[in-house]
$ cat work.tsv   # TSV, C-alpha atoms and all ligand atoms
chain	number	residue	atom	x	y	z
A	2	MET	CA	12.64	80.72	83.81
A	3	PHE	CA	12.23	78.12	81.05
A	4	GLU	CA	15.98	77.41	81.09
A	5	LYS	CA	15.79	76.81	84.86
A	6	LEU	CA	12.86	74.44	84.43
A	7	LYS	CA	14.70	72.55	81.68
A	8	GLN	CA	17.67	72.07	83.96
A	9	ARG	CA	15.61	71.23	87.02
A	10	TRP	CA	13.52	68.64	85.24
A	11	LYS	CA	16.41	67.60	82.97
A	12	VAL	CA	14.36	67.81	79.78
A	13	ASN	CA	14.87	69.39	76.38
A	14	GLY	CA	12.81	72.25	74.91
A	15	LEU	CA	10.24	70.05	73.17
A	16	ASN	CA	9.59	67.98	76.28
A	17	LEU	CA	9.22	71.15	78.35
A	18	VAL	CA	6.52	72.41	75.97
A	19	LEU	CA	4.73	69.05	76.18
A	20	ILE	CA	4.96	69.02	79.98
A	21	ILE	CA	3.53	72.55	80.28
A	22	THR	CA	0.75	71.59	77.83
A	23	THR	CA	-0.01	68.53	79.95
A	24	PHE	CA	-0.23	70.66	83.09
A	25	ALA	CA	-2.58	73.09	81.33
A	26	LEU	CA	-4.85	70.47	79.71
A	27	GLY	CA	-4.81	68.22	82.79
A	28	GLY	CA	-5.77	71.16	85.01
A	29	SER	CA	-8.63	72.21	82.71
A	30	LEU	CA	-9.92	68.64	82.41
A	31	CYS	CA	-9.83	68.25	86.17
A	32	GLY	CA	-11.70	71.56	86.75
A	33	TYR	CA	-14.32	70.59	84.16
A	34	ALA	CA	-14.77	67.05	85.52
A	35	GLY	CA	-15.04	68.35	89.10
A	36	ARG	CA	-17.82	70.80	88.18
A	37	LYS	CA	-19.68	68.15	86.16
A	38	ILE	CA	-19.59	65.63	89.02
A	39	LEU	CA	-20.91	68.20	91.51
A	40	MET	CA	-23.69	69.24	89.10
A	41	LEU	CA	-24.73	65.66	88.33
A	42	THR	CA	-24.84	64.74	92.01
A	43	GLY	CA	-26.67	67.96	92.93
A	44	LEU	CA	-23.89	68.92	95.33
A	45	ASP	CA	-23.11	72.16	93.53
A	46	LYS	CA	-25.29	74.19	95.86
A	47	GLY	CA	-25.07	75.38	99.41
A	48	ALA	CA	-22.16	76.70	101.45
A	49	LEU	CA	-20.09	73.55	101.30
A	50	TRP	CA	-19.79	73.18	97.54
A	51	ILE	CA	-16.50	75.10	97.35
A	52	ILE	CA	-14.90	72.79	99.92
A	53	LEU	CA	-16.23	69.73	98.09
A	54	TYR	CA	-15.00	71.13	94.79
A	55	VAL	CA	-11.47	71.71	96.14
A	56	LEU	CA	-11.35	68.19	97.61
A	57	LEU	CA	-12.64	66.70	94.39
A	58	ILE	CA	-10.16	68.43	92.11
A	59	THR	CA	-7.32	67.50	94.47
A	60	LEU	CA	-8.29	63.87	93.94
A	61	LEU	CA	-8.97	64.26	90.23
A	62	TRP	CA	-5.86	66.26	89.31
A	63	PRO	CA	-3.33	63.37	89.27
A	64	ILE	CA	-5.73	61.17	87.31
A	65	CYS	CA	-6.45	63.88	84.71
A	66	VAL	CA	-2.81	64.86	84.32
A	67	LEU	CA	-1.73	61.22	83.92
A	68	LEU	CA	-4.47	60.66	81.32
A	69	ILE	CA	-3.39	63.67	79.29
A	70	SER	CA	0.28	62.78	79.63
A	71	ILE	CA	-0.21	59.46	77.79
A	72	PRO	CA	-0.99	60.85	74.29
A	73	LEU	CA	1.58	63.62	74.81
A	74	GLY	CA	4.27	61.03	75.60
A	75	GLN	CA	4.94	62.44	79.08
A	76	PHE	CA	3.60	59.58	81.23
A	77	ASN	CA	7.04	58.70	82.53
A	78	PHE	CA	7.70	62.23	83.70
A	79	PHE	CA	4.29	62.69	85.33
A	80	SER	CA	4.16	59.30	87.05
A	81	LYS	CA	7.49	60.16	88.74
A	82	TYR	CA	6.38	63.74	89.42
A	83	ILE	CA	3.16	62.64	91.10
A	84	ALA	CA	4.93	59.90	93.06
A	85	LYS	CA	7.35	62.55	94.31
A	86	ILE	CA	4.56	64.90	95.42
A	87	TRP	CA	2.77	61.99	97.07
A	88	GLY	CA	5.98	60.96	98.83
A	89	LYS	CA	6.45	64.49	100.17
A	90	MET	CA	2.82	64.81	101.29
A	91	SER	CA	2.83	61.49	103.07
A	92	GLY	CA	6.29	62.05	104.55
A	93	LYS	CA	7.55	58.90	102.85
A	94	THR	CA	10.13	60.48	100.57
A	95	SER	CA	13.04	59.18	102.61
A	96	LYS	CA	11.88	55.58	102.04
A	97	THR	CA	12.43	55.98	98.29
A	98	GLY	CA	16.14	56.53	99.01
A	99	PRO	CA	18.51	59.16	97.69
A	100	LYS	CA	18.18	60.49	94.17
A	101	LEU	CA	19.81	58.65	91.27
A	102	THR	CA	22.83	60.46	89.83
A	103	GLN	CA	23.36	59.83	86.14
A	104	ILE	CA	26.87	60.20	84.76
A	105	ALA	CA	28.12	60.80	81.24
A	106	ILE	CA	31.71	59.74	80.60
A	107	PHE	CA	33.42	61.82	77.92
A	108	ALA	CA	36.33	59.84	76.48
A	109	SER	CA	37.97	59.43	73.13
A	110	GLY	CA	40.84	57.03	73.72
A	111	THR	CA	41.22	53.40	74.61
A	112	GLY	CA	38.92	53.95	77.55
A	113	SER	CA	40.74	52.04	80.28
A	114	ASN	CA	39.62	54.61	82.85
A	115	ALA	CA	36.07	54.51	81.50
A	116	GLN	CA	36.14	50.73	81.92
A	117	GLN	CA	37.21	51.02	85.57
A	118	ILE	CA	34.52	53.60	86.27
A	119	ILE	CA	31.85	51.46	84.59
A	120	ASN	CA	32.95	48.40	86.62
A	121	HIS	CA	33.04	50.38	89.84
A	122	PHE	CA	29.48	51.70	89.54
A	123	LYS	CA	27.90	48.64	87.90
A	124	ALA	CA	26.16	47.55	91.08
A	125	ALA	CA	25.66	51.03	92.58
A	126	GLU	CA	22.10	51.86	93.56
A	127	ASN	CA	22.22	55.61	93.24
A	128	ILE	CA	24.87	56.18	90.59
A	129	LYS	CA	24.49	55.13	87.00
A	130	ILE	CA	26.81	55.48	84.01
A	131	THR	CA	24.15	56.47	81.54
A	132	LEU	CA	26.06	57.67	78.50
A	133	VAL	CA	29.49	57.61	76.87
A	134	VAL	CA	30.31	60.66	74.77
A	135	CYS	CA	33.11	60.29	72.24
A	136	ASN	CA	34.55	62.38	69.40
A	137	LYS	CA	36.49	59.64	67.61
A	138	THR	CA	34.99	56.99	65.38
A	139	GLY	CA	36.45	53.59	66.25
A	140	ALA	CA	37.81	54.66	69.65
A	141	GLY	CA	38.26	51.77	72.09
A	142	VAL	CA	35.90	53.38	74.57
A	143	LEU	CA	33.01	52.89	72.12
A	144	SER	CA	33.32	49.12	72.21
A	145	ILE	CA	33.68	49.24	76.00
A	146	ALA	CA	30.36	51.14	76.14
A	147	GLU	CA	28.72	48.72	73.74
A	148	LYS	CA	29.83	45.68	75.73
A	149	ALA	CA	28.53	47.28	78.91
A	150	GLY	CA	25.20	48.08	77.23
A	151	ILE	CA	25.71	51.82	77.68
A	152	PRO	CA	24.53	54.09	74.86
A	153	SER	CA	27.20	56.21	73.23
A	154	LEU	CA	27.01	59.54	71.49
A	155	LEU	CA	29.48	60.39	68.74
A	156	ILE	CA	29.95	64.15	68.61
A	157	GLU	CA	31.39	66.55	66.06
A	158	LYS	CA	33.50	69.61	66.79
A	159	GLU	CA	31.54	72.46	65.30
A	160	ARG	CA	28.30	71.65	67.09
A	161	PHE	CA	30.23	71.00	70.32
A	162	ASP	CA	32.28	74.21	70.21
A	163	ILE	CA	29.98	76.79	68.70
A	164	GLY	CA	26.61	75.06	68.59
A	165	ASP	CA	24.45	73.77	71.42
A	166	ALA	CA	27.32	71.60	72.79
A	167	TYR	CA	24.94	68.58	72.68
A	168	LEU	CA	23.19	69.91	75.77
A	169	PRO	CA	19.77	68.74	74.46
A	170	GLU	CA	21.06	65.15	74.35
A	171	LEU	CA	22.61	65.41	77.81
A	172	LEU	CA	19.31	66.73	79.15
A	173	GLN	CA	17.40	64.03	77.33
A	174	TYR	CA	19.55	61.38	79.03
A	175	LYS	CA	19.02	63.27	82.32
A	176	ILE	CA	22.75	63.59	82.89
A	177	ASP	CA	23.62	65.08	86.29
A	178	PHE	CA	27.40	64.80	86.25
A	179	ILE	CA	30.15	64.65	83.63
A	180	VAL	CA	33.39	62.71	83.99
A	181	LEU	CA	36.19	63.36	81.51
A	182	ALA	CA	38.47	60.37	81.03
A	183	GLY	CA	40.79	60.99	78.14
A	184	PHE	CA	38.70	63.63	76.39
A	185	LEU	CA	40.88	66.19	74.64
A	186	TRP	CA	38.50	68.92	73.47
A	187	LYS	CA	38.03	71.97	75.64
A	188	MET	CA	34.67	72.06	77.39
A	189	PRO	CA	32.49	74.84	75.96
A	190	VAL	CA	31.38	77.57	78.37
A	191	SER	CA	27.72	76.65	77.86
A	192	LEU	CA	28.34	73.14	79.26
A	193	ILE	CA	30.39	74.45	82.17
A	194	GLN	CA	27.55	76.81	83.02
A	195	ALA	CA	24.93	74.10	82.65
A	196	TYR	CA	26.94	71.79	84.96
A	197	PRO	CA	28.55	74.06	87.57
A	198	LYS	CA	31.07	72.05	89.65
A	199	LYS	CA	29.67	68.95	88.04
A	200	ILE	CA	32.38	68.26	85.48
A	201	ILE	CA	35.63	66.64	86.55
A	202	ASN	CA	38.75	65.59	84.68
A	203	ILE	CA	41.79	63.45	85.30
A	204	HIS	CA	45.20	64.64	84.16
A	205	PRO	CA	48.26	62.34	84.00
A	206	ALA	CA	50.64	64.67	85.85
A	207	LEU	CA	50.85	66.81	88.95
A	208	LEU	CA	49.09	70.02	87.98
A	209	PRO	CA	49.63	72.96	87.80
A	210	LYS	CA	52.82	71.71	86.07
A	211	TYR	CA	52.64	69.86	82.76
A	212	GLY	CA	49.11	70.88	81.87
A	213	GLY	CA	47.45	73.12	79.31
A	214	LYS	CA	46.63	72.88	75.62
A	215	GLY	CA	48.57	70.17	73.79
A	216	MET	CA	49.67	68.50	77.03
A	217	TYR	CA	48.18	65.05	76.72
A	218	GLY	CA	49.24	61.41	76.45
A	219	SER	CA	52.95	60.69	76.07
A	220	LYS	CA	53.75	64.41	75.61
A	221	VAL	CA	53.08	64.94	79.31
A	222	HIS	CA	55.35	62.08	80.35
A	223	GLU	CA	58.11	63.13	77.93
A	224	ALA	CA	58.03	66.66	79.39
A	225	VAL	CA	58.19	65.29	82.96
A	226	ILE	CA	61.19	63.08	82.10
A	227	ALA	CA	62.93	65.86	80.13
A	228	ALA	CA	62.58	68.17	83.16
A	229	LYS	CA	64.27	65.45	85.28
A	230	GLU	CA	61.41	65.36	87.76
A	231	THR	CA	61.78	62.69	90.40
A	232	GLN	CA	58.02	62.50	90.91
A	233	SER	CA	54.97	62.54	88.72
A	234	GLY	CA	51.39	61.53	89.38
A	235	ILE	CA	47.75	62.20	88.68
A	236	THR	CA	45.46	65.14	89.28
A	237	ILE	CA	41.69	64.97	89.49
A	238	HIS	CA	40.15	68.42	89.22
A	239	TYR	CA	36.98	70.32	88.47
A	240	VAL	CA	36.78	71.63	84.92
A	241	ASP	CA	36.62	75.33	84.21
A	242	GLU	CA	37.06	77.47	81.09
A	243	ILE	CA	40.84	77.00	81.03
A	244	TYR	CA	42.59	73.73	80.11
A	245	ASP	CA	43.69	71.70	83.17
A	246	HIS	CA	43.04	74.64	85.47
A	247	GLY	CA	39.99	74.07	87.72
A	248	GLU	CA	40.11	73.45	91.45
A	249	ILE	CA	42.15	70.37	92.38
A	250	ILE	CA	40.22	67.62	94.14
A	251	PHE	CA	42.84	64.91	94.51
A	252	GLN	CA	46.46	64.12	93.62
A	253	ALA	CA	48.55	60.97	93.97
A	254	THR	CA	52.23	60.59	93.16
A	255	CYS	CA	54.66	58.01	91.80
A	256	GLN	CA	58.43	57.93	91.46
A	257	VAL	CA	60.15	58.78	88.19
A	258	GLU	CA	63.23	56.56	87.97
A	259	GLU	CA	66.41	57.54	86.14
A	260	GLU	CA	65.85	55.04	83.37
A	261	GLU	CA	62.12	55.91	83.10
A	262	THR	CA	60.61	56.11	79.61
A	263	ALA	CA	57.36	57.81	78.61
A	264	ALA	CA	55.82	54.36	78.09
A	265	SER	CA	56.85	53.02	81.50
A	266	LEU	CA	55.71	56.21	83.22
A	267	ALA	CA	52.38	56.03	81.38
A	268	GLN	CA	51.91	52.53	82.82
A	269	LYS	CA	52.55	53.71	86.39
A	270	ILE	CA	50.17	56.61	85.88
A	271	HIS	CA	47.44	54.33	84.57
A	272	VAL	CA	47.75	52.14	87.66
A	273	LEU	CA	47.30	55.23	89.85
A	274	GLU	CA	44.36	56.43	87.76
A	275	HIS	CA	42.53	53.12	87.86
A	276	ALA	CA	43.04	52.79	91.60
A	277	ASN	CA	41.78	56.27	92.40
A	278	TYR	CA	39.47	57.82	89.79
A	279	PRO	CA	36.31	55.74	90.45
A	280	ARG	CA	36.72	56.10	94.21
A	281	VAL	CA	37.23	59.88	93.98
A	282	ILE	CA	34.19	60.24	91.71
A	283	ALA	CA	32.10	58.42	94.34
A	284	GLU	CA	33.43	60.74	97.04
A	285	VAL	CA	32.72	63.87	95.02
A	286	LEU	CA	29.16	62.69	94.43
A	287	GLN	CA	28.62	62.10	98.13
A	288	LYS	CA	29.45	65.72	99.00
B	1	LIG	C1	44.53	59.10	80.98
B	1	LIG	O1	45.89	58.96	81.17
B	1	LIG	C2	44.03	60.41	81.53
B	1	LIG	O2	44.83	60.91	82.53
B	1	LIG	C3	44.08	61.33	80.36
B	1	LIG	O3	43.77	60.54	79.26
B	1	LIG	C4	44.18	59.21	79.51
B	1	LIG	C5	43.05	58.32	79.12
B	1	LIG	O4	43.45	56.98	79.13
B	1	LIG	N1	43.19	62.45	80.55
B	1	LIG	P1	42.41	55.82	78.89
B	1	LIG	O5	41.79	56.03	77.53
B	1	LIG	O6	41.39	55.90	79.98
B	1	LIG	O7	43.22	54.56	78.97
$ encode --input "work.tsv" --output "structure tokens"
Amino acid sequence: MFEKLKQRWKVNGLNLVLIITTFALGGSLCGYAGRKILMLTGLDKGALWIILYVLLITLLWPICVLLISIPLGQFNFFSKYIAKIWGKMSGKTSKTGPKLTQIAIFASGTGSNAQQIINHFKAAENIKITLVVCNKTGAGVLSIAEKAGIPSLLIEKERFDIGDAYLPELLQYKIDFIVLAGFLWKMPVSLIQAYPKKIINIHPALLPKYGGKGMYGSKVHEAVIAAKETQSGITIHYVDEIYDHGEIIFQATCQVEEEETAASLAQKIHVLEHANYPRVIAEVLQK
């Protein structure tokens, strides 16, 4: 139950404890204040007092909860929570527009795809690139994130593979969707389970061929050329527990010429990636 709440509210364990405490203290304060007001006004008698009491605590509850949330550092959460309830009650939720989707880009290379994705969603109302996750100090993508004013998170292998997979940080940043763009580590099962059908990857070849562990960068293009393929391309797919294996969302192709080199093929593939990845991400999020 607590895990479900953490995911639903996109908070970490500590924040969940503070939120539950706020609910409990806010509720008690509201009950106490309601009784006191009825007693002081002499309205705590007669048949109607229960109705008055219920009306009063309905009015007092948001105020009490917001008051308690301030010292517990949960004002942000509760102001949004109460606005949401109010929106639903008054039938105005639709006017607040669709929910904001927050994306984390996982990348550890030069970050040219990350750059395109950041550019594409810069002005978007409901989609935000909130975080860049990287496993390589000095990777180009880190300076791209910095220039764009996007926080980055440098991760280390042990905690990612056999620890908590940085899920607390992802929850803290309220990440809804993960985009891999040149990230070579395998996604741990815990992350795949926490983000079902919400992690996608781009591979620089036409899967299911030329994928799997060790198939990245120029190795993919060298293998394509060595096999004398006349076509290569890109594959955008959901991520599952197996490298380059999840359900395919989109593919685009390019010609492999006779005199093609890994470097020239890489260039063609990058053009295809830049033209399609941001657009496909937007389409997946609209589903
Ligand atoms: C891309 O070719 C992508 O297909 C692969 O990693 C590469 C990342 O390139 N997964 P860049 O760092 O975005 O330029």
$ closest_atom_pairs --input "work.tsv" --of "chain A" --to "ligand LIG 1 (chain B)" --cutoff "6 Å" --atoms "all atoms listed in the file" --output "Markdown table"
| residue | atom | partner | partner_atom | distance |
| --- | --- | --- | --- | --- |
| A:Gly110 | CA | B:LIG1 | O5 | 4.1 |
| A:Thr111 | CA | B:LIG1 | O5 | 4.0 |
| A:Gly112 | CA | B:LIG1 | O5 | 3.5 |
| A:Ser113 | CA | B:LIG1 | O7 | 3.8 |
| A:Asn114 | CA | B:LIG1 | O6 | 3.6 |
| A:Ala115 | CA | B:LIG1 | O6 | 5.7 |
| A:Ala182 | CA | B:LIG1 | N1 | 5.2 |
| A:Gly183 | CA | B:LIG1 | O3 | 3.2 |
| A:Ile203 | CA | B:LIG1 | O2 | 4.8 |
| A:His204 | CA | B:LIG1 | O2 | 4.1 |
| A:Pro205 | CA | B:LIG1 | O2 | 4.0 |
| A:His271 | CA | B:LIG1 | O1 | 5.9 |
$ atom_distance --input "work.tsv" --atom1 "CA of Ala140 (chain A)" --atom2 "CA of Ser109 (chain A)"
5.9 Å
$ axis_aligned_box --input "work.tsv" --around "region 12-24 of chain A" --padding-each-side "6 Å" --output "JSON"
{"center_x": 7.3, "center_y": 70.2, "center_z": 78.1, "size_x": 27.1, "size_y": 16.7, "size_z": 21.9}
$ atom_distance --input "work.tsv" --atom1 "CA of Ala105 (chain A)" --atom2 "CA of Val272 (chain A)"
22.4 Å
$ atom_distance --input "work.tsv" --atom1 "CA of Lys137 (chain A)" --atom2 "CA of Lys158 (chain A)"
10.4 Å
$ closest_residue --input "work.tsv" --among "A:Lys37, A:Lys229, A:His222, A:Lys123" --to "Ser265 (chain A)" --atoms "all atoms listed in the file"
A:His222
$ residues_near_point --input "work.tsv" --point "(29.1, 74.2, 78.0)" --cutoff "9 Å" --atoms "all atoms listed in the file" --output "list in words"
Phe161, Asp162, Asp165, Ala166, Tyr167, Leu168, Met188, Pro189, Val190, Ser191, Leu192, Ile193, Gln194, Ala195 and Tyr196 of chain A
$ closest_residue --input "work.tsv" --among "A:Val55, A:Leu172, A:Lys100, A:Ile20" --to "Pro72 (chain A)" --atoms "all atoms listed in the file"
A:Ile20
$ closest_residue --input "work.tsv" --among "A:Ser70, A:Thr131, A:Thr236, A:Ser144" --to "Asn277 (chain A)" --atoms "only C-alpha atoms"
A:Thr236
$ closest_residue --input "work.tsv" --among "A:Ile51, A:Leu171, A:Ile69, A:Ile104" --to "Val12 (chain A)" --atoms "only C-alpha atoms"
A:Leu171
$ closest_residue --input "work.tsv" --among "A:Phe3, A:Tyr239, A:Trp50, A:Phe122" --to "Ala283 (chain A)" --atoms "only C-alpha atoms"
A:Phe122
$ closest_residue --input "work.tsv" --among "A:Gln75, A:Thr231, A:Asn202, A:Gln287" --to "Leu17 (chain A)" --atoms "all atoms listed in the file"
A:Gln75
$ residues_around --input "work.tsv" --residues "Leu143 (chain A)" --least-positions-apart "4" --cutoff "12 Å" --atoms "all atoms listed in the file" --output "ChimeraX atom specification"
/A:106-113,115-116,132-139,147-155
$ write_last_selection --input "work.tsv" --atoms "C-alpha atoms" --output "short mmCIF file (atom, residue, chain, number, x, y, z; two decimals), in the frame of the given file"
data_model
loop_
_atom_site.label_atom_id
_atom_site.label_comp_id
_atom_site.auth_asym_id
_atom_site.auth_seq_id
_atom_site.Cartn_x
_atom_site.Cartn_y
_atom_site.Cartn_z
CA ILE A 106 31.71 59.74 80.60
CA PHE A 107 33.42 61.82 77.92
CA ALA A 108 36.33 59.84 76.48
CA SER A 109 37.97 59.43 73.13
CA GLY A 110 40.84 57.03 73.72
CA THR A 111 41.22 53.40 74.61
CA GLY A 112 38.92 53.95 77.55
CA SER A 113 40.74 52.04 80.28
CA ALA A 115 36.07 54.51 81.50
CA GLN A 116 36.14 50.73 81.92
CA LEU A 132 26.06 57.67 78.50
CA VAL A 133 29.49 57.61 76.87
CA VAL A 134 30.31 60.66 74.77
CA CYS A 135 33.11 60.29 72.24
CA ASN A 136 34.55 62.38 69.40
CA LYS A 137 36.49 59.64 67.61
CA THR A 138 34.99 56.99 65.38
CA GLY A 139 36.45 53.59 66.25
CA GLU A 147 28.72 48.72 73.74
CA LYS A 148 29.83 45.68 75.73
CA ALA A 149 28.53 47.28 78.91
CA GLY A 150 25.20 48.08 77.23
CA ILE A 151 25.71 51.82 77.68
CA PRO A 152 24.53 54.09 74.86
CA SER A 153 27.20 56.21 73.23
CA LEU A 154 27.01 59.54 71.49
CA LEU A 155 29.48 60.39 68.74
#
$ residues_around --input "work.tsv" --residues "Gln256 (chain A)" --least-positions-apart "4" --cutoff "10 Å" --atoms "all atoms listed in the file" --output "list in words"
Glu230, Thr231, Gln232, Ser233, Gly234, Glu261, Leu266 and Lys269 of chain A
